[in-house]
Structures are given as C-alpha cells and as structure tokens.
Amino acid sequence: MRAINYPVIPGAGAFYYEGNEIGILLCHGFNGTPQSVQDVGIELMKQGFTVYAPRLKGHGTDPEDFRCSTHRCWYKSVVEGIDRLRESCRTVIVVGQSMGGTLALKAALDEKTDAIVTINAALSVPGYACHASDTECRFIDEDAPDIAAEDVYEIVYDRVPTRAIRELLSLIDEVRPQVGSVNVPTYVIHSAVDNVVPPTDSIWLYDQLQGTKEYAVLPNSYHVATMDHDWKHLSKLITTFCKQVGALHSNAV
C-alpha cells in the first residue's frame with residue numbers, strides 16, 4: 001500500500017530563525033505542533049539565538065498519519081533537528097514541552113545535546129494509563145488543551161489514536177528509569193497546576209538528576225505553559241539559562 005502524504009495543517013509547520021552560535025531546539029508535545037511553542041521561539045530569536053522547532057512526524061497533518069507514527073520516528077525528528085543546528089551552532093540546547101521534555105531527556109541520555117530544559121515533562125500521563133494494555137487500534141476524543149488563559153487556540157487533533165497513546169507510554173517507560181543518568185545541565189520547569197501531567201513528576205525528576213540542575217515553578221499556567229499566562233516569564237527563564245550554558249560551553253571549547 002502506498003503511503004499517503006498528508007498535507008500539513010496551515011500554521012502547524014516547523015519554523016527556523018537563524019541567529020548566533022547558541023542553537024535552541026524547541027520540541028512540542030504529544031498531539032501538538034510547533035505552533036504551540038512559536039511565541040516563545042520568537043522571544044528567543046529576539047535574544048539572538050538560532051531557534052528551530054521541528055514538527056514531529058505524524059503531528060499537524062491528519063489523525064491517520066498520527067496513527068502510523070511511533071515514538072522512534074518522533075525522536076528521529078528531534079535528532080535530525082539537532083543535527084541541523086549543529087551545522088551552524090557551537091552549542092545546542094533542547095527545550096521540550098510535555099512529551100517534548102521526555103524526548104529532550106532521551107537526547108541528553110544519548111549525548112546528543114549540550115543542555116536541556118524540560119517544561120511539564122511527561123513522565124506519566126494518568127489520563128492515558130487505561131490505554132496501556134488496550135490492544136485495539138481506535139480513535140478517542142481528545143479533551144481541549146489544558147490552558148488557563150482564555151481565547152488561546154492550539155492546533156491539535158480533536159481525536160487521537162490509541163496506538164499513538166501506547167507509543168507515548170512506551171517512550172515514558174523507556175526514559176523514566178534512566179533520568180538519573182542525565183549528565184548535561186538541566187532546567188526543570190513546571191506549572192503549579194497541571195491537569196495532564198502531575199507536577200510531582202517534575203519534582204521527582206529534579207530530585208533524580210545528579211548533575212548541574214535548576215528548578216522553577218510557573219504560578220499562573222496549566223500544562224501547555226508555552227501558550228499560557230507565564231509564557232513571557234518562561235521565555236526569560238530559558239533565555240538566562242541558555243546564555244549561561246552557551247558561555248560555559250564556549251569557555252570549555
């Protein structure tokens with residue numbers, strides 16, 4: 001059967017801003033798109049960074065395309081993005097939201113990145129746990145994005161395949177037991193209230209990390225923090241951290 005080349009939903013495509021030798025890869029979450037991190041990406045671009053937000057395979061096209069994707073091809077999208085930044089950047093930092101944070105941790109474990117920032121990293125998703133042993137491949141209705149701010153529109157599928165959910169849970173099962181081995185500078189950021197991923201996941205993550213680490217709480221945001229009330233503050237936190245990492249990395253080279 002010939003694979004269908006689904007068109008990208010308008011506004012859901014990858015974006016790239018050329019800047020200095022510090023490259024930031026922004027990774028969106030499960031069922032999200034680069035649109036969810038674009039405002040933060042623009043702020044980082046204004047600070048002079050080179051910024052790239054890839055669209056993870058199967059996202060931002062069609063739910064059927066999502067059904068055919070796997071956590072390995074999502075991770076491949078991240079690695080290809082890192083490789084693209086390496087072409088022009090001395091330092092590469094992966095900033096991931098939700099599942100993007102899980103993929104950032106995997107990139108750190110694989111020594112692909114110089115530092116990471118996790119934002120509400122998905123190390124468990126209680127609402128999806130019931131699908132872990134569901135061998136059926138079916139589509140379920142997706143709740144509205146978890147955003148406290150009003151009148152914010154995130155491009156997502158309104159239904160998701162249980163197969164993709166199982167891929168997400170497999171990724172978590174692979175990464176979670178290894179997070180104590182992450183050995184790059186890590187900034188753990190989470191929202192005070194998150195109705196998708198328990199904030200205790202990020203607290204636990206911070207405690208497990210053995211290397212250089214920082215921690216911050218966003219008081220006025222829910223799960224999709226890059227689109228919520230604290231997104232400008234979040235951008236400043238990321239900016240400060242990335243400048244510090246860039247300076248340390250430059251001195252070490």
# chains A, B, ... in the order shown; residues from 1 in each chain; ligands from 1
>>> residues_around(residues="segment 58-62 of chain A", least_positions_apart="5", cutoff="9 Å", atoms="only C-alpha atoms", output="MDAnalysis selection string")
chainID A and resid 6:13 30:34 67:70 73:74 155:157
>>> write_last_selection(atoms="N, CA and C atoms", output="PDB file, in the first residue's frame")
ATOM      1  N   TYR A   6       0.144  13.282   3.716  1.00  0.00           N
ATOM      2  CA  TYR A   6      -0.870  14.207   4.207  1.00  0.00           C
ATOM      3  C   TYR A   6      -0.328  15.634   4.242  1.00  0.00           C
ATOM      4  N   PRO A   7      -1.118  16.609   3.842  1.00  0.00           N
ATOM      5  CA  PRO A   7      -0.658  17.999   3.912  1.00  0.00           C
ATOM      6  C   PRO A   7      -0.587  18.481   5.358  1.00  0.00           C
ATOM      7  N   VAL A   8       0.327  19.403   5.614  1.00  0.00           N
ATOM      8  CA  VAL A   8       0.460  19.988   6.943  1.00  0.00           C
ATOM      9  C   VAL A   8      -0.659  21.002   7.162  1.00  0.00           C
ATOM     10  N   ILE A   9      -1.272  20.952   8.320  1.00  0.00           N
ATOM     11  CA  ILE A   9      -2.315  21.912   8.675  1.00  0.00           C
ATOM     12  C   ILE A   9      -1.722  23.320   8.638  1.00  0.00           C
ATOM     13  N   PRO A  10      -2.403  24.285   8.019  1.00  0.00           N
ATOM     14  CA  PRO A  10      -1.876  25.652   7.979  1.00  0.00           C
ATOM     15  C   PRO A  10      -1.528  26.164   9.380  1.00  0.00           C
ATOM     16  N   GLY A  11      -0.304  26.665   9.532  1.00  0.00           N
ATOM     17  CA  GLY A  11       0.151  27.183  10.820  1.00  0.00           C
ATOM     18  C   GLY A  11       0.849  26.155  11.688  1.00  0.00           C
ATOM     19  N   ALA A  12       0.855  24.878  11.263  1.00  0.00           N
ATOM     20  CA  ALA A  12       1.389  23.807  12.099  1.00  0.00           C
ATOM     21  C   ALA A  12       2.792  23.374  11.697  1.00  0.00           C
ATOM     22  N   GLY A  13       3.393  24.049  10.731  1.00  0.00           N
ATOM     23  CA  GLY A  13       4.686  23.630  10.226  1.00  0.00           C
ATOM     24  C   GLY A  13       5.852  24.025  11.114  1.00  0.00           C
ATOM     25  N   PHE A  30       3.001  15.854  22.713  1.00  0.00           N
ATOM     26  CA  PHE A  30       2.125  14.860  22.098  1.00  0.00           C
ATOM     27  C   PHE A  30       0.852  15.524  21.590  1.00  0.00           C
ATOM     28  N   ASN A  31       0.535  15.292  20.335  1.00  0.00           N
ATOM     29  CA  ASN A  31      -0.641  15.858  19.673  1.00  0.00           C
ATOM     30  C   ASN A  31      -0.539  17.366  19.485  1.00  0.00           C
ATOM     31  N   GLY A  32       0.634  17.940  19.697  1.00  0.00           N
ATOM     32  CA  GLY A  32       0.829  19.368  19.464  1.00  0.00           C
ATOM     33  C   GLY A  32       1.524  19.616  18.140  1.00  0.00           C
ATOM     34  N   THR A  33       1.949  20.844  17.925  1.00  0.00           N
ATOM     35  CA  THR A  33       2.700  21.231  16.736  1.00  0.00           C
ATOM     36  C   THR A  33       3.649  22.363  17.114  1.00  0.00           C
ATOM     37  N   PRO A  34       4.551  22.756  16.229  1.00  0.00           N
ATOM     38  CA  PRO A  34       5.416  23.900  16.521  1.00  0.00           C
ATOM     39  C   PRO A  34       4.648  25.184  16.836  1.00  0.00           C
ATOM     40  N   ARG A  67      -1.605   7.952  13.663  1.00  0.00           N
ATOM     41  CA  ARG A  67      -1.757   6.538  13.986  1.00  0.00           C
ATOM     42  C   ARG A  67      -0.580   5.718  13.472  1.00  0.00           C
ATOM     43  N   CYS A  68      -0.014   6.124  12.358  1.00  0.00           N
ATOM     44  CA  CYS A  68       1.068   5.366  11.734  1.00  0.00           C
ATOM     45  C   CYS A  68       2.453   5.756  12.245  1.00  0.00           C
ATOM     46  N   SER A  69       2.524   6.746  13.127  1.00  0.00           N
ATOM     47  CA  SER A  69       3.820   7.195  13.630  1.00  0.00           C
ATOM     48  C   SER A  69       4.176   6.462  14.926  1.00  0.00           C
ATOM     49  N   THR A  70       5.469   6.528  15.294  1.00  0.00           N
ATOM     50  CA  THR A  70       5.944   5.855  16.504  1.00  0.00           C
ATOM     51  C   THR A  70       6.827   6.800  17.315  1.00  0.00           C
ATOM     52  N   CYS A  73      10.133   7.452  15.544  1.00  0.00           N
ATOM     53  CA  CYS A  73      10.203   8.462  14.484  1.00  0.00           C
ATOM     54  C   CYS A  73      10.012   9.868  15.066  1.00  0.00           C
ATOM     55  N   TRP A  74       9.332  10.003  16.205  1.00  0.00           N
ATOM     56  CA  TRP A  74       9.263  11.322  16.861  1.00  0.00           C
ATOM     57  C   TRP A  74      10.665  11.718  17.328  1.00  0.00           C
ATOM     58  N   ILE A 155      -3.307  24.329  17.866  1.00  0.00           N
ATOM     59  CA  ILE A 155      -3.591  23.382  16.784  1.00  0.00           C
ATOM     60  C   ILE A 155      -3.333  21.968  17.294  1.00  0.00           C
ATOM     61  N   VAL A 156      -4.390  21.190  17.436  1.00  0.00           N
ATOM     62  CA  VAL A 156      -4.288  19.794  17.868  1.00  0.00           C
ATOM     63  C   VAL A 156      -5.345  18.980  17.121  1.00  0.00           C
ATOM     64  N   TYR A 157      -5.181  17.674  17.117  1.00  0.00           N
ATOM     65  CA  TYR A 157      -6.236  16.796  16.616  1.00  0.00           C
ATOM     66  C   TYR A 157      -7.336  16.701  17.666  1.00  0.00           C
TER      67      TYR A 157
END
>>> residues_around(residues="Asp83 of chain A", least_positions_apart="3", cutoff="12 Å", atoms="only C-alpha atoms", output="MDAnalysis selection string")
chainID A and resid 23:25 52 54 76:80 86:94 107 112:113
>>> residues_around(residues="Ile165 of chain A", least_positions_apart="3", cutoff="12 Å", atoms="only C-alpha atoms", output="ChimeraX atom specification")
/A:30-31,66-71,99,124-140,142,159-162,168-172
>>> write_last_selection(atoms="C-alpha atoms", output="PDB file, in the first residue's frame")
ATOM      1  CA  PHE A  30       2.125  14.860  22.098  1.00  0.00           C
ATOM      2  CA  ASN A  31      -0.641  15.858  19.673  1.00  0.00           C
ATOM      3  CA  PHE A  66      -0.552  10.139  13.707  1.00  0.00           C
ATOM      4  CA  ARG A  67      -1.757   6.538  13.986  1.00  0.00           C
ATOM      5  CA  CYS A  68       1.068   5.366  11.734  1.00  0.00           C
ATOM      6  CA  SER A  69       3.820   7.195  13.630  1.00  0.00           C
ATOM      7  CA  THR A  70       5.944   5.855  16.504  1.00  0.00           C
ATOM      8  CA  HIS A  71       7.983   7.283  19.359  1.00  0.00           C
ATOM      9  CA  MET A  99       6.381  14.776  25.618  1.00  0.00           C
ATOM     10  CA  SER A 124       3.420   9.862  33.454  1.00  0.00           C
ATOM     11  CA  VAL A 125       0.059  10.698  31.919  1.00  0.00           C
ATOM     12  CA  PRO A 126      -2.639   9.397  34.260  1.00  0.00           C
ATOM     13  CA  GLY A 127      -5.444  10.133  31.816  1.00  0.00           C
ATOM     14  CA  TYR A 128      -3.887   7.793  29.267  1.00  0.00           C
ATOM     15  CA  ALA A 129      -2.875   4.984  31.636  1.00  0.00           C
ATOM     16  CA  CYS A 130      -6.028   2.993  30.909  1.00  0.00           C
ATOM     17  CA  HIS A 131      -4.896   2.539  27.296  1.00  0.00           C
ATOM     18  CA  ALA A 132      -1.565   0.918  28.175  1.00  0.00           C
ATOM     19  CA  SER A 133      -2.849  -2.618  27.669  1.00  0.00           C
ATOM     20  CA  ASP A 134      -5.504  -1.726  25.100  1.00  0.00           C
ATOM     21  CA  THR A 135      -4.568  -3.790  22.045  1.00  0.00           C
ATOM     22  CA  GLU A 136      -7.280  -2.229  19.907  1.00  0.00           C
ATOM     23  CA  CYS A 137      -6.358   0.481  17.453  1.00  0.00           C
ATOM     24  CA  ARG A 138      -9.127   3.029  17.713  1.00  0.00           C
ATOM     25  CA  PHE A 139      -9.552   6.755  17.995  1.00  0.00           C
ATOM     26  CA  ILE A 140     -10.684   8.520  21.144  1.00  0.00           C
ATOM     27  CA  GLU A 142      -9.277  14.436  22.911  1.00  0.00           C
ATOM     28  CA  ARG A 159      -9.263  12.737  18.241  1.00  0.00           C
ATOM     29  CA  VAL A 160      -6.146  10.669  18.831  1.00  0.00           C
ATOM     30  CA  PRO A 161      -5.334   7.028  18.071  1.00  0.00           C
ATOM     31  CA  THR A 162      -4.830   4.668  20.984  1.00  0.00           C
ATOM     32  CA  LEU A 168       3.867   7.737  24.203  1.00  0.00           C
ATOM     33  CA  LEU A 169       3.587   5.407  27.184  1.00  0.00           C
ATOM     34  CA  SER A 170       6.368   3.217  25.749  1.00  0.00           C
ATOM     35  CA  LEU A 171       8.603   6.269  25.425  1.00  0.00           C
ATOM     36  CA  ILE A 172       7.935   7.167  29.064  1.00  0.00           C
TER      37      ILE A 172
END
>>> closest_residue(among="A:His28, A:His233, A:Lys57, A:Arg72", to="Glu167 of chain A", atoms="only C-alpha atoms")
A:Arg72
>>> select_by_dssp(residues="segment 123-167 of chain A", states="strand (DSSP E)", output="number ranges by chain")
A: 139-141, 159-161
>>> closest_residue(among="A:Val40, A:Ala164, A:Ile147, A:Val193", to="Glu64 of chain A", atoms="only C-alpha atoms")
A:Ala164
>>> residues_around(residues="Asp146 of chain A", least_positions_apart="4", cutoff="7 Å", atoms="only C-alpha atoms", output="list in words")
Asn195, Tyr222, His223 and Val224 of chain A
>>> write_last_selection(atoms="all heavy atoms", output="PDB file, in the first residue's frame")
ATOM      1  N   ASN A 195      -3.224  19.764  34.700  1.00  0.00           N
ATOM      2  CA  ASN A 195      -4.294  18.774  34.693  1.00  0.00           C
ATOM      3  C   ASN A 195      -4.027  17.603  33.755  1.00  0.00           C
ATOM      4  O   ASN A 195      -4.912  16.768  33.549  1.00  0.00           O
ATOM      5  CB  ASN A 195      -5.603  19.461  34.301  1.00  0.00           C
ATOM      6  CG  ASN A 195      -5.992  20.557  35.279  1.00  0.00           C
ATOM      7  OD1 ASN A 195      -6.251  20.288  36.449  1.00  0.00           O
ATOM      8  ND2 ASN A 195      -5.996  21.800  34.818  1.00  0.00           N
ATOM      9  N   TYR A 222      -1.207  26.351  33.159  1.00  0.00           N
ATOM     10  CA  TYR A 222      -1.529  24.935  33.214  1.00  0.00           C
ATOM     11  C   TYR A 222      -0.521  24.171  32.344  1.00  0.00           C
ATOM     12  O   TYR A 222       0.623  24.595  32.210  1.00  0.00           O
ATOM     13  CB  TYR A 222      -2.967  24.693  32.759  1.00  0.00           C
ATOM     14  CG  TYR A 222      -4.044  25.179  33.716  1.00  0.00           C
ATOM     15  CD1 TYR A 222      -5.377  25.216  33.324  1.00  0.00           C
ATOM     16  CD2 TYR A 222      -3.738  25.605  35.014  1.00  0.00           C
ATOM     17  CE1 TYR A 222      -6.380  25.652  34.184  1.00  0.00           C
ATOM     18  CE2 TYR A 222      -4.721  26.048  35.883  1.00  0.00           C
ATOM     19  CZ  TYR A 222      -6.050  26.074  35.459  1.00  0.00           C
ATOM     20  OH  TYR A 222      -7.036  26.508  36.310  1.00  0.00           O
ATOM     21  N   HIS A 223      -0.933  23.075  31.743  1.00  0.00           N
ATOM     22  CA  HIS A 223       0.002  22.173  31.089  1.00  0.00           C
ATOM     23  C   HIS A 223       0.733  22.797  29.897  1.00  0.00           C
ATOM     24  O   HIS A 223       1.958  22.691  29.789  1.00  0.00           O
ATOM     25  CB  HIS A 223      -0.726  20.901  30.638  1.00  0.00           C
ATOM     26  CG  HIS A 223       0.177  19.877  30.056  1.00  0.00           C
ATOM     27  ND1 HIS A 223       1.169  19.255  30.778  1.00  0.00           N
ATOM     28  CD2 HIS A 223       0.257  19.370  28.792  1.00  0.00           C
ATOM     29  CE1 HIS A 223       1.816  18.411  30.001  1.00  0.00           C
ATOM     30  NE2 HIS A 223       1.294  18.459  28.795  1.00  0.00           N
ATOM     31  N   VAL A 224      -0.001  23.434  28.994  1.00  0.00           N
ATOM     32  CA  VAL A 224       0.630  23.994  27.787  1.00  0.00           C
ATOM     33  C   VAL A 224       1.197  25.369  28.139  1.00  0.00           C
ATOM     34  O   VAL A 224       0.711  26.422  27.709  1.00  0.00           O
ATOM     35  CB  VAL A 224      -0.368  24.071  26.616  1.00  0.00           C
ATOM     36  CG1 VAL A 224       0.371  24.392  25.313  1.00  0.00           C
ATOM     37  CG2 VAL A 224      -1.129  22.756  26.455  1.00  0.00           C
TER      38      VAL A 224
END
>>> atom_distance(atom1="atom CA of Leu123 of chain A", atom2="atom CA of Thr102 of chain A")
6.8 Å
>>> select_by_dssp(residues="segment 76-141 of chain A", states="helix (DSSP H, G or I)", output="list in words")
Lys76, Ser77, Val78, Val79, Glu80, Gly81, Ile82, Asp83, Arg84, Leu85, Arg86, Met99, Gly100, Gly101, Thr102, Leu103, Ala104, Leu105, Lys106, Ala107, Ala108, Leu109, Pro126, Gly127, Tyr128, Ala129, Cys130 and His131 of chain A
>>> residues_around(residues="Ser250 of chain A", least_positions_apart="4", cutoff="10 Å", atoms="only C-alpha atoms", output="PDB file with N, CA, C and O atoms, in the first residue's frame")
ATOM      1  N   GLU A  21      25.581  31.501  17.684  1.00  0.00           N
ATOM      2  CA  GLU A  21      26.118  30.143  17.743  1.00  0.00           C
ATOM      3  C   GLU A  21      25.501  29.289  18.856  1.00  0.00           C
ATOM      4  O   GLU A  21      25.940  28.161  19.079  1.00  0.00           O
ATOM      5  N   ILE A  22      24.504  29.822  19.545  1.00  0.00           N
ATOM      6  CA  ILE A  22      23.744  29.024  20.510  1.00  0.00           C
ATOM      7  C   ILE A  22      22.432  28.627  19.843  1.00  0.00           C
ATOM      8  O   ILE A  22      21.595  29.470  19.531  1.00  0.00           O
ATOM      9  N   ARG A  90      27.648  26.302  17.836  1.00  0.00           N
ATOM     10  CA  ARG A  90      28.654  25.712  18.717  1.00  0.00           C
ATOM     11  C   ARG A  90      27.990  24.949  19.866  1.00  0.00           C
ATOM     12  O   ARG A  90      28.491  23.935  20.344  1.00  0.00           O
ATOM     13  N   THR A  91      26.866  25.488  20.334  1.00  0.00           N
ATOM     14  CA  THR A  91      26.137  24.909  21.465  1.00  0.00           C
ATOM     15  C   THR A  91      24.705  24.631  21.040  1.00  0.00           C
ATOM     16  O   THR A  91      24.078  25.461  20.383  1.00  0.00           O
ATOM     17  N   GLN A 244      23.785  31.202  29.914  1.00  0.00           N
ATOM     18  CA  GLN A 244      24.753  30.655  30.857  1.00  0.00           C
ATOM     19  C   GLN A 244      25.415  29.398  30.291  1.00  0.00           C
ATOM     20  O   GLN A 244      26.643  29.234  30.359  1.00  0.00           O
ATOM     21  N   VAL A 245      24.608  28.520  29.717  1.00  0.00           N
ATOM     22  CA  VAL A 245      25.158  27.289  29.133  1.00  0.00           C
ATOM     23  C   VAL A 245      26.080  27.624  27.968  1.00  0.00           C
ATOM     24  O   VAL A 245      27.161  27.050  27.816  1.00  0.00           O
ATOM     25  N   GLY A 246      25.645  28.565  27.135  1.00  0.00           N
ATOM     26  CA  GLY A 246      26.464  28.962  25.994  1.00  0.00           C
ATOM     27  C   GLY A 246      27.809  29.516  26.411  1.00  0.00           C
ATOM     28  O   GLY A 246      28.842  29.197  25.810  1.00  0.00           O
TER      29      GLY A 246
END
>>> atom_distance(atom1="atom CA of Val51 of chain A", atom2="atom CA of Tyr206 of chain A")
25.4 Å
